[in-house]
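run.cif, holding mmCIF, C-alpha atoms:
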data_query
loop_
_atom_site.label_atom_id
_atom_site.label_comp_id
_atom_site.auth_asym_id
_atom_site.auth_seq_id
_atom_site.Cartn_x
_atom_site.Cartn_y
_atom_site.Cartn_z
CA MET A 15 3.91 -9.30 20.88
CA GLY A 16 4.18 -5.56 20.10
CA LEU A 17 3.01 -3.85 16.93
CA LEU A 18 6.51 -3.52 15.50
CA ASP A 19 7.20 -7.20 16.19
CA SER A 20 3.95 -8.10 14.46
CA PHE A 21 4.85 -5.93 11.48
CA GLU A 22 8.34 -7.42 11.19
CA ARG A 23 6.98 -10.96 11.36
CA GLY A 24 4.49 -10.20 8.63
CA LEU A 25 7.23 -8.77 6.44
CA GLU A 26 9.43 -11.81 7.05
CA ARG A 27 6.66 -14.04 5.72
CA ALA A 28 6.09 -11.76 2.75
CA VAL A 29 9.73 -11.95 1.59
CA ASN A 30 10.12 -15.67 2.23
CA GLY A 31 12.12 -15.37 5.44
CA ALA A 32 14.89 -13.20 3.94
CA PHE A 33 14.46 -10.34 6.41
CA ALA A 34 17.69 -10.70 8.40
CA LYS A 35 19.85 -11.20 5.32
CA THR A 36 18.39 -8.33 3.30
CA PHE A 37 18.19 -5.56 5.89
CA ARG A 38 21.54 -5.53 7.68
CA SER A 39 22.15 -1.80 7.16
CA GLY A 40 20.36 1.33 6.07
CA VAL A 41 16.70 2.09 6.72
CA GLN A 42 14.76 -0.81 8.20
CA PRO A 43 11.13 -1.50 7.19
CA VAL A 44 10.05 -1.21 10.84
CA GLU A 45 11.55 2.30 10.89
CA ILE A 46 9.41 3.25 7.89
CA ALA A 47 6.32 1.82 9.58
CA ALA A 48 7.01 3.81 12.74
CA ALA A 49 7.67 6.99 10.75
CA VAL A 50 4.40 6.57 8.81
CA ARG A 51 2.43 6.16 12.03
CA SER A 52 4.14 9.23 13.51
CA GLU A 53 3.31 11.26 10.39
CA LEU A 54 -0.35 10.25 10.60
CA ASP A 55 -0.42 11.28 14.27
CA THR A 56 1.28 14.60 13.56
CA ARG A 57 -0.93 15.54 10.60
CA ALA A 58 -4.25 14.28 11.96
CA ALA A 59 -6.86 16.98 12.51
CA VAL A 60 -10.00 16.88 14.63
CA VAL A 61 -12.83 18.10 12.42
CA SER A 62 -15.80 17.17 14.60
CA ARG A 63 -16.57 15.60 17.95
CA ASP A 64 -16.08 12.04 16.70
CA ARG A 65 -14.15 12.46 13.43
CA ILE A 66 -10.39 12.80 13.04
CA LEU A 67 -9.12 13.34 9.52
CA ALA A 68 -5.67 12.06 8.48
CA PRO A 69 -3.73 12.44 5.21
CA HIS A 70 -4.05 9.46 2.90
CA ASN A 71 -1.23 10.03 0.37
CA LEU A 72 2.20 9.53 1.92
CA THR A 73 5.56 9.56 0.14
CA VAL A 74 8.58 8.06 1.90
CA TRP A 75 11.84 9.59 0.69
CA LEU A 76 15.00 7.50 1.07
CA SER A 77 18.62 7.60 -0.01
CA ARG A 78 19.25 6.24 -3.48
CA GLY A 79 20.74 3.04 -2.07
CA ASP A 80 17.98 2.43 0.46
CA ALA A 81 15.28 3.19 -2.11
CA GLU A 82 16.69 0.73 -4.66
CA ARG A 83 17.08 -1.96 -2.01
CA LEU A 84 13.61 -1.58 -0.53
CA ILE A 85 11.74 -1.02 -3.79
CA GLY A 86 13.41 -4.17 -5.03
CA ILE A 87 11.40 -6.19 -2.52
CA GLY A 88 8.31 -5.44 -4.60
CA ASP A 89 4.67 -5.17 -3.61
CA ALA A 90 5.10 -7.28 -0.45
CA LEU A 91 6.75 -4.42 1.44
CA LEU A 92 4.18 -1.81 0.42
CA GLU A 93 1.31 -4.13 1.30
CA GLU A 94 2.76 -4.64 4.78
CA LEU A 95 3.28 -0.90 5.25
CA LEU A 96 -0.29 -0.17 4.14
CA THR A 97 -1.70 -2.87 6.43
CA ASP A 98 0.25 -1.51 9.38
CA ALA A 99 -0.78 2.10 8.69
CA ALA A 100 -4.44 1.15 8.25
CA ARG A 101 -4.38 -0.80 11.52
CA HIS A 102 -2.88 2.18 13.33
CA ALA A 103 -5.42 4.56 11.80
CA ARG A 104 -8.28 2.35 12.91
CA ALA A 105 -6.89 2.08 16.44
CA GLN A 106 -6.60 5.88 16.64
CA GLY A 107 -10.01 6.51 15.07
CA TYR A 108 -8.62 8.29 12.00
CA THR A 109 -10.61 8.69 8.78
CA PHE A 110 -9.11 9.16 5.31
CA THR A 111 -10.57 11.27 2.51
CA GLY A 112 -9.53 8.68 -0.06
CA PRO A 113 -7.73 5.35 -0.45
CA LEU A 114 -4.58 5.15 1.66
CA THR A 115 -1.42 5.13 -0.49
CA ILE A 116 2.26 4.86 0.43
CA SER A 117 5.06 5.22 -2.11
CA LEU A 118 8.85 4.90 -1.82
CA GLU A 119 11.02 7.42 -3.67
CA ALA A 120 14.73 8.26 -3.89
CA ASP A 121 16.21 11.58 -2.75
CA ASP A 122 19.88 12.07 -3.61
CA ASP A 123 20.22 14.58 -0.76
CA LEU A 124 19.58 11.85 1.84
CA SER A 125 22.26 9.55 3.18
CA ASP A 126 21.79 5.82 3.78
CA GLY A 127 19.79 5.24 6.94
CA MET A 128 17.87 8.52 6.64
CA LEU A 129 14.27 9.05 5.58
CA ARG A 130 11.63 11.75 5.45
CA ILE A 131 7.91 11.61 4.75
CA ASP A 132 5.75 14.03 2.80
CA ALA A 133 2.03 14.12 3.48
CA GLY A 134 -0.56 16.75 2.73
CA GLN A 135 -1.65 19.01 5.55
CA VAL A 136 -5.21 18.37 6.72
CA THR A 137 -7.17 21.57 7.22
CA ARG A 138 -9.43 21.84 10.26
CA ARG A 139 -12.85 22.68 8.93
CA ASN A 140 -16.42 21.49 8.94
CA VAL A 141 -16.61 18.32 6.90
CA SER A 142 -19.61 16.49 5.48
CA TRP A 143 -19.03 12.75 5.83
CA LYS A 144 -20.21 10.31 3.18
CA PRO A 145 -20.35 6.53 3.71
CA VAL A 146 -18.99 4.34 0.92
CA LEU A 147 -18.34 0.67 0.27
CA GLU A 148 -15.00 0.06 -1.43
CA ILE A 149 -15.08 -3.09 -3.60
CA ASN A 150 -12.27 -4.05 -5.97
CA GLY A 151 -10.91 -0.51 -5.84
CA VAL A 152 -14.27 1.07 -6.71
CA GLN A 153 -16.09 3.26 -4.19
CA HIS A 154 -19.87 2.84 -4.07
CA PRO A 155 -21.59 5.64 -2.12
CA ILE A 156 -24.29 4.55 0.32
CA THR A 157 -27.29 6.70 -0.51
CA ARG A 158 -30.11 4.90 1.30
CA SER A 159 -30.86 3.39 4.69
CA ARG A 160 -30.52 -0.19 3.37
CA THR A 161 -28.04 -1.20 0.69
CA VAL A 162 -28.03 -4.83 -0.47
CA VAL A 163 -24.87 -6.41 -1.87
CA GLY A 164 -24.90 -9.73 -3.77
CA ARG A 165 -24.57 -11.36 -7.18
CA GLY A 166 -28.22 -10.96 -8.14
CA SER A 167 -29.38 -8.28 -10.55
CA ASP A 168 -31.86 -7.10 -7.92
CA ALA A 169 -29.06 -6.22 -5.47
CA ASP A 170 -28.22 -2.54 -5.06
CA ILE A 171 -24.55 -3.37 -5.64
CA THR A 172 -23.91 -6.43 -7.81
CA VAL A 173 -20.66 -8.37 -7.43
CA GLN A 174 -19.34 -10.87 -9.97
CA ASP A 175 -18.64 -13.63 -7.46
CA SER A 176 -20.21 -17.09 -7.68
CA GLY A 177 -19.38 -17.63 -4.01
CA THR A 178 -21.93 -15.03 -2.95
CA SER A 179 -25.70 -15.32 -2.68
CA ARG A 180 -28.02 -13.26 -4.87
CA ARG A 181 -28.82 -11.04 -1.87
CA HIS A 182 -25.92 -11.71 0.46
CA VAL A 183 -25.60 -8.82 2.93
CA GLU A 184 -27.20 -5.49 3.56
CA ILE A 185 -25.61 -2.37 4.98
CA LEU A 186 -27.85 -0.38 7.33
CA TRP A 187 -27.11 3.35 7.61
CA ASP A 188 -29.01 5.80 9.80
CA GLY A 189 -27.03 8.91 8.88
CA SER A 190 -24.49 8.47 11.69
CA ASN A 191 -23.93 4.77 12.32
CA ALA A 192 -23.74 1.65 10.18
CA GLN A 193 -24.48 -2.05 10.63
CA VAL A 194 -23.90 -5.07 8.43
CA HIS A 195 -26.56 -7.79 8.27
CA ASP A 196 -26.13 -11.19 6.62
CA LEU A 197 -29.32 -12.01 4.71
CA GLY A 198 -29.23 -15.76 5.36
CA SER A 199 -26.53 -16.31 2.74
CA THR A 200 -25.35 -19.82 1.85
CA ASN A 201 -21.66 -19.27 2.62
CA GLY A 202 -22.01 -16.70 5.37
CA SER A 203 -20.23 -13.40 5.95
CA THR A 204 -17.31 -12.22 8.08
CA LEU A 205 -16.45 -8.83 9.55
CA ASP A 206 -12.78 -8.29 10.37
CA GLY A 207 -12.27 -12.04 10.24
CA GLN A 208 -15.17 -12.94 12.53
CA ARG A 209 -18.28 -14.69 11.23
CA ILE A 210 -21.35 -12.53 11.83
CA SER A 211 -25.09 -12.41 11.31
CA GLN A 212 -25.44 -8.75 12.29
CA ALA A 213 -22.87 -6.38 13.76
CA ALA A 214 -21.98 -2.72 14.15
CA LEU A 215 -19.83 -1.53 11.24
CA GLU A 216 -17.00 0.88 12.02
CA PRO A 217 -15.00 2.91 9.46
CA GLY A 218 -12.30 0.67 8.03
CA GLY A 219 -14.27 -2.49 8.80
CA VAL A 220 -13.65 -5.29 6.28
CA ILE A 221 -16.56 -7.50 5.22
CA VAL A 222 -15.81 -10.66 3.25
CA ILE A 223 -18.51 -12.44 1.25
CA GLY A 224 -17.39 -15.31 -0.96
CA ARG A 225 -14.12 -14.09 -2.50
CA THR A 226 -15.19 -10.44 -2.35
CA ARG A 227 -13.63 -7.99 0.12
CA ILE A 228 -15.73 -4.96 1.06
CA VAL A 229 -14.29 -2.06 3.06
CA PHE A 230 -16.64 0.39 4.77
CA ARG A 231 -15.30 3.94 4.79
CA LEU A 232 -16.47 7.38 5.83
CA LEU A 233 -15.03 9.95 3.44
CA ALA A 234 -14.88 13.69 3.82
CA ASP A 235 -17.05 15.06 1.03
CA ASP A 236 -15.02 17.76 -0.69
CA GLY A 237 -17.02 17.57 -3.90
CA ASP A 238 -14.47 15.37 -5.65
CA LEU A 239 -15.86 11.96 -4.67
CA ALA A 240 -16.73 10.09 -7.84
CA ARG A 241 -20.28 8.84 -7.88
CA THR A 242 -19.92 5.22 -8.90
CA GLY A 243 -22.19 2.25 -8.50
CA GLY A 244 -23.67 -0.78 -10.15
CA ARG A 245 -21.50 -3.81 -10.89
CA ALA A 246 -18.27 -4.54 -9.10
#
Represent the structure contained in this file as structure tokens.
Amino acid sequence: MGLLDSFERGLERAVNGAFAKTFRSGVQPVEIAAAVRSELDTRAAVVSRDRILAPHNLTVWLSRGDAERLIGIGDALLEELLTDAARHARAQGYTFTGPLTISLEADDDLSDGMLRIDAGQVTRRNVSWKPVLEINGVQHPITRSRTVVGRGSDADITVQDSGTSRRHVEILWDGSNAQVHDLGSTNGSTLDGQRISQAALEPGGVIVIGRTRIVFRLLADDGDLARTGGRA
């Protein structure tokens, strides 16, 4: 099953099987997904030997009719588009300088069935990369070689989740590469859906402990990254 087929099936589930009835004409969701991936590929910039920077704020412009129809689906469509774009970025080895966002907007100059995408141009330059853990929308910079996450007050990052152990996992960072290590937790840990005890951690990797979702990211440090930490 191809990527577009996978995307369409996911969207069908998200809108309760109404895909065929809703999208008989005009821009199709799979067309938006393909256009977003193409925009990421076009705008991506190689900034070092093993880092490719891609724009993270994308606006999809549609005709008034298409915009009203697609926006009416609600968050399900945007979540599927974001999931598809993030999967493509990971497969291509792209890194974002901030949380990936996709918005749908109306442009009265566009006809039904047409779309265009605006994304900021990524400048090729030397970039300092900073590792962060994104938890509940908050980015926690990794500032030491070992960072413990759990519900205990002695953890470096404390999560309010009774399903986690006091010291649940630790993130190991050597300045270039990261690993995740389960600290013998009661309920275990998964990385990208696979149960692990210790594993290499790639940018975009998703760790789940209890009900808490942790995303490991490498961000280009442009001086604007908010220094946050503590409780999540």
Point-to-point distance from atom CA of A:Val60 to atom CA of A:Thr157, Å rounded to tenths: 25.1 Å
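When all atoms listed in the file are used to compute distances to A:Val146, the closest of the residues A:Asp168, A:Glu93, A:Glu216, A:Asp196 turns out to be A:Glu216.
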Any chance you could work out the residue set of the PyMOL selection byres ((chain A and resi 178-180) around 8) here, as a ChimeraX atom specification? /A:164-169,175-177,181-182,199-201,223-225
Find the residue from A:Leu124, A:Ala90, A:Leu215, A:Ile171 that sits nearest to A:Ser190; use only C-alpha atoms when measuring. A:Leu215
I'd like the interatomic distance between atom CA of A:Leu54 and atom CA of A:Pro113, to a tenth of an Å. 14.2 Å
Write out as a list in words which residues come within 7 Å of A:Asp170 when counting all atoms listed in the file, dropping same-chain ones fewer than 5 positions away. Thr161, Val162 and Val163 of chain A
Near stretch 95-108 of chain A, within 10 Å and counting all atoms listed in the file, which residues show up once chain neighbours fewer than 5 positions away are dropped, as a ChimeraX atom specification? /A:17-18,20-21,24-25,43-44,46-52,54-55,58-60,64-70,89-90,114-117,216-219
Return as JSON, numbers by chain the set of residues that the PyMOL selection byres ((chain A and resi 119) around 8) yields on the displayed structure. {"A": [73, 74, 75, 76, 81, 117, 118, 120, 121]}
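Atom pair atom CA of A:Asp188 / atom CA of A:Lys144 has a distance of 11.9 Å (rounded to one decimal).
Of the listed residues (A:Leu92, A:Ala192, A:Ala133, A:Leu84), A:Leu84 comes nearest to A:Val41; the distances count all atoms listed in the file.
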Polymer residues at most 10 Å from A:Gly151, only C-alpha atoms, same-chain spacing of 6 or more positions, as a ChimeraX atom specification: /A:113,227-229,246
Atom completion result for stretch 195-228 of chain A (N, CA and C atoms) as a PDB file, in the coordinates of the input:
ATOM      1  N   HIS A 195     -25.594  -6.738   7.954  1.00  0.00           N
ATOM      2  CA  HIS A 195     -26.560  -7.790   8.270  1.00  0.00           C
ATOM      3  C   HIS A 195     -26.480  -8.849   7.183  1.00  0.00           C
ATOM      4  N   ASP A 196     -26.118 -10.081   7.568  1.00  0.00           N
ATOM      5  CA  ASP A 196     -26.130 -11.190   6.620  1.00  0.00           C
ATOM      6  C   ASP A 196     -27.573 -11.600   6.358  1.00  0.00           C
ATOM      7  N   LEU A 197     -27.933 -11.741   5.091  1.00  0.00           N
ATOM      8  CA  LEU A 197     -29.320 -12.010   4.710  1.00  0.00           C
ATOM      9  C   LEU A 197     -29.574 -13.499   4.543  1.00  0.00           C
ATOM     10  N   GLY A 198     -29.031 -14.315   5.446  1.00  0.00           N
ATOM     11  CA  GLY A 198     -29.230 -15.760   5.360  1.00  0.00           C
ATOM     12  C   GLY A 198     -28.479 -16.369   4.196  1.00  0.00           C
ATOM     13  N   SER A 199     -27.315 -15.848   3.886  1.00  0.00           N
ATOM     14  CA  SER A 199     -26.530 -16.310   2.740  1.00  0.00           C
ATOM     15  C   SER A 199     -26.087 -17.758   2.921  1.00  0.00           C
ATOM     16  N   THR A 200     -25.770 -18.416   1.811  1.00  0.00           N
ATOM     17  CA  THR A 200     -25.350 -19.820   1.850  1.00  0.00           C
ATOM     18  C   THR A 200     -23.987 -19.979   2.506  1.00  0.00           C
ATOM     19  N   ASN A 201     -23.037 -19.129   2.143  1.00  0.00           N
ATOM     20  CA  ASN A 201     -21.660 -19.270   2.620  1.00  0.00           C
ATOM     21  C   ASN A 201     -21.318 -18.376   3.799  1.00  0.00           C
ATOM     22  N   GLY A 202     -22.255 -17.551   4.223  1.00  0.00           N
ATOM     23  CA  GLY A 202     -22.010 -16.700   5.370  1.00  0.00           C
ATOM     24  C   GLY A 202     -21.182 -15.475   5.065  1.00  0.00           C
ATOM     25  N   SER A 203     -20.969 -14.655   6.095  1.00  0.00           N
ATOM     26  CA  SER A 203     -20.230 -13.400   5.950  1.00  0.00           C
ATOM     27  C   SER A 203     -19.313 -13.236   7.165  1.00  0.00           C
ATOM     28  N   THR A 204     -18.191 -12.535   6.962  1.00  0.00           N
ATOM     29  CA  THR A 204     -17.310 -12.220   8.080  1.00  0.00           C
ATOM     30  C   THR A 204     -17.075 -10.717   8.128  1.00  0.00           C
ATOM     31  N   LEU A 205     -16.830 -10.225   9.334  1.00  0.00           N
ATOM     32  CA  LEU A 205     -16.450  -8.830   9.550  1.00  0.00           C
ATOM     33  C   LEU A 205     -15.154  -8.835  10.346  1.00  0.00           C
ATOM     34  N   ASP A 206     -14.106  -8.298   9.737  1.00  0.00           N
ATOM     35  CA  ASP A 206     -12.780  -8.290  10.370  1.00  0.00           C
ATOM     36  C   ASP A 206     -12.377  -9.683  10.824  1.00  0.00           C
ATOM     37  N   GLY A 207     -12.689 -10.667   9.973  1.00  0.00           N
ATOM     38  CA  GLY A 207     -12.270 -12.040  10.240  1.00  0.00           C
ATOM     39  C   GLY A 207     -13.188 -12.850  11.115  1.00  0.00           C
ATOM     40  N   GLN A 208     -14.245 -12.241  11.655  1.00  0.00           N
ATOM     41  CA  GLN A 208     -15.170 -12.940  12.530  1.00  0.00           C
ATOM     42  C   GLN A 208     -16.504 -13.166  11.819  1.00  0.00           C
ATOM     43  N   ARG A 209     -16.997 -14.394  11.868  1.00  0.00           N
ATOM     44  CA  ARG A 209     -18.280 -14.690  11.230  1.00  0.00           C
ATOM     45  C   ARG A 209     -19.395 -13.952  11.973  1.00  0.00           C
ATOM     46  N   ILE A 210     -20.301 -13.333  11.210  1.00  0.00           N
ATOM     47  CA  ILE A 210     -21.350 -12.530  11.830  1.00  0.00           C
ATOM     48  C   ILE A 210     -22.693 -12.787  11.156  1.00  0.00           C
ATOM     49  N   SER A 211     -23.758 -12.469  11.910  1.00  0.00           N
ATOM     50  CA  SER A 211     -25.090 -12.410  11.310  1.00  0.00           C
ATOM     51  C   SER A 211     -25.517 -10.943  11.231  1.00  0.00           C
ATOM     52  N   GLN A 212     -25.228 -10.193  12.288  1.00  0.00           N
ATOM     53  CA  GLN A 212     -25.440  -8.750  12.290  1.00  0.00           C
ATOM     54  C   GLN A 212     -24.464  -8.132  13.281  1.00  0.00           C
ATOM     55  N   ALA A 213     -23.873  -7.003  12.893  1.00  0.00           N
ATOM     56  CA  ALA A 213     -22.870  -6.380  13.760  1.00  0.00           C
ATOM     57  C   ALA A 213     -22.737  -4.908  13.405  1.00  0.00           C
ATOM     58  N   ALA A 214     -22.291  -4.126  14.392  1.00  0.00           N
ATOM     59  CA  ALA A 214     -21.980  -2.720  14.150  1.00  0.00           C
ATOM     60  C   ALA A 214     -20.806  -2.645  13.179  1.00  0.00           C
ATOM     61  N   LEU A 215     -20.840  -1.673  12.274  1.00  0.00           N
ATOM     62  CA  LEU A 215     -19.830  -1.530  11.240  1.00  0.00           C
ATOM     63  C   LEU A 215     -19.098  -0.213  11.437  1.00  0.00           C
ATOM     64  N   GLU A 216     -17.819  -0.304  11.783  1.00  0.00           N
ATOM     65  CA  GLU A 216     -17.000   0.880  12.020  1.00  0.00           C
ATOM     66  C   GLU A 216     -16.212   1.242  10.768  1.00  0.00           C
ATOM     67  N   PRO A 217     -15.837   2.524  10.604  1.00  0.00           N
ATOM     68  CA  PRO A 217     -15.000   2.910   9.460  1.00  0.00           C
ATOM     69  C   PRO A 217     -13.741   2.056   9.401  1.00  0.00           C
ATOM     70  N   GLY A 218     -13.440   1.552   8.211  1.00  0.00           N
ATOM     71  CA  GLY A 218     -12.300   0.670   8.030  1.00  0.00           C
ATOM     72  C   GLY A 218     -12.629  -0.786   8.212  1.00  0.00           C
ATOM     73  N   GLY A 219     -13.865  -1.099   8.623  1.00  0.00           N
ATOM     74  CA  GLY A 219     -14.270  -2.490   8.800  1.00  0.00           C
ATOM     75  C   GLY A 219     -14.254  -3.237   7.479  1.00  0.00           C
ATOM     76  N   VAL A 220     -13.783  -4.485   7.503  1.00  0.00           N
ATOM     77  CA  VAL A 220     -13.650  -5.290   6.280  1.00  0.00           C
ATOM     78  C   VAL A 220     -14.647  -6.443   6.326  1.00  0.00           C
ATOM     79  N   ILE A 221     -15.574  -6.438   5.378  1.00  0.00           N
ATOM     80  CA  ILE A 221     -16.560  -7.500   5.220  1.00  0.00           C
ATOM     81  C   ILE A 221     -16.082  -8.415   4.098  1.00  0.00           C
ATOM     82  N   VAL A 222     -16.157  -9.714   4.313  1.00  0.00           N
ATOM     83  CA  VAL A 222     -15.810 -10.660   3.250  1.00  0.00           C
ATOM     84  C   VAL A 222     -17.017 -11.536   2.981  1.00  0.00           C
ATOM     85  N   ILE A 223     -17.442 -11.557   1.708  1.00  0.00           N
ATOM     86  CA  ILE A 223     -18.510 -12.440   1.250  1.00  0.00           C
ATOM     87  C   ILE A 223     -17.963 -13.206   0.051  1.00  0.00           C
ATOM     88  N   GLY A 224     -18.009 -14.532   0.111  1.00  0.00           N
ATOM     89  CA  GLY A 224     -17.390 -15.310  -0.960  1.00  0.00           C
ATOM     90  C   GLY A 224     -15.909 -14.948  -1.071  1.00  0.00           C
ATOM     91  N   ARG A 225     -15.503 -14.529  -2.274  1.00  0.00           N
ATOM     92  CA  ARG A 225     -14.120 -14.090  -2.500  1.00  0.00           C
ATOM     93  C   ARG A 225     -14.037 -12.563  -2.568  1.00  0.00           C
ATOM     94  N   THR A 226     -15.112 -11.897  -2.217  1.00  0.00           N
ATOM     95  CA  THR A 226     -15.190 -10.440  -2.350  1.00  0.00           C
ATOM     96  C   THR A 226     -14.911  -9.749  -1.028  1.00  0.00           C
ATOM     97  N   ARG A 227     -14.005  -8.764  -1.072  1.00  0.00           N
ATOM     98  CA  ARG A 227     -13.630  -7.990   0.120  1.00  0.00           C
ATOM     99  C   ARG A 227     -14.263  -6.605   0.010  1.00  0.00           C
ATOM    100  N   ILE A 228     -15.009  -6.233   1.027  1.00  0.00           N
ATOM    101  CA  ILE A 228     -15.730  -4.960   1.060  1.00  0.00           C
ATOM    102  C   ILE A 228     -15.222  -4.148   2.240  1.00  0.00           C
TER     103      ILE A 228
END
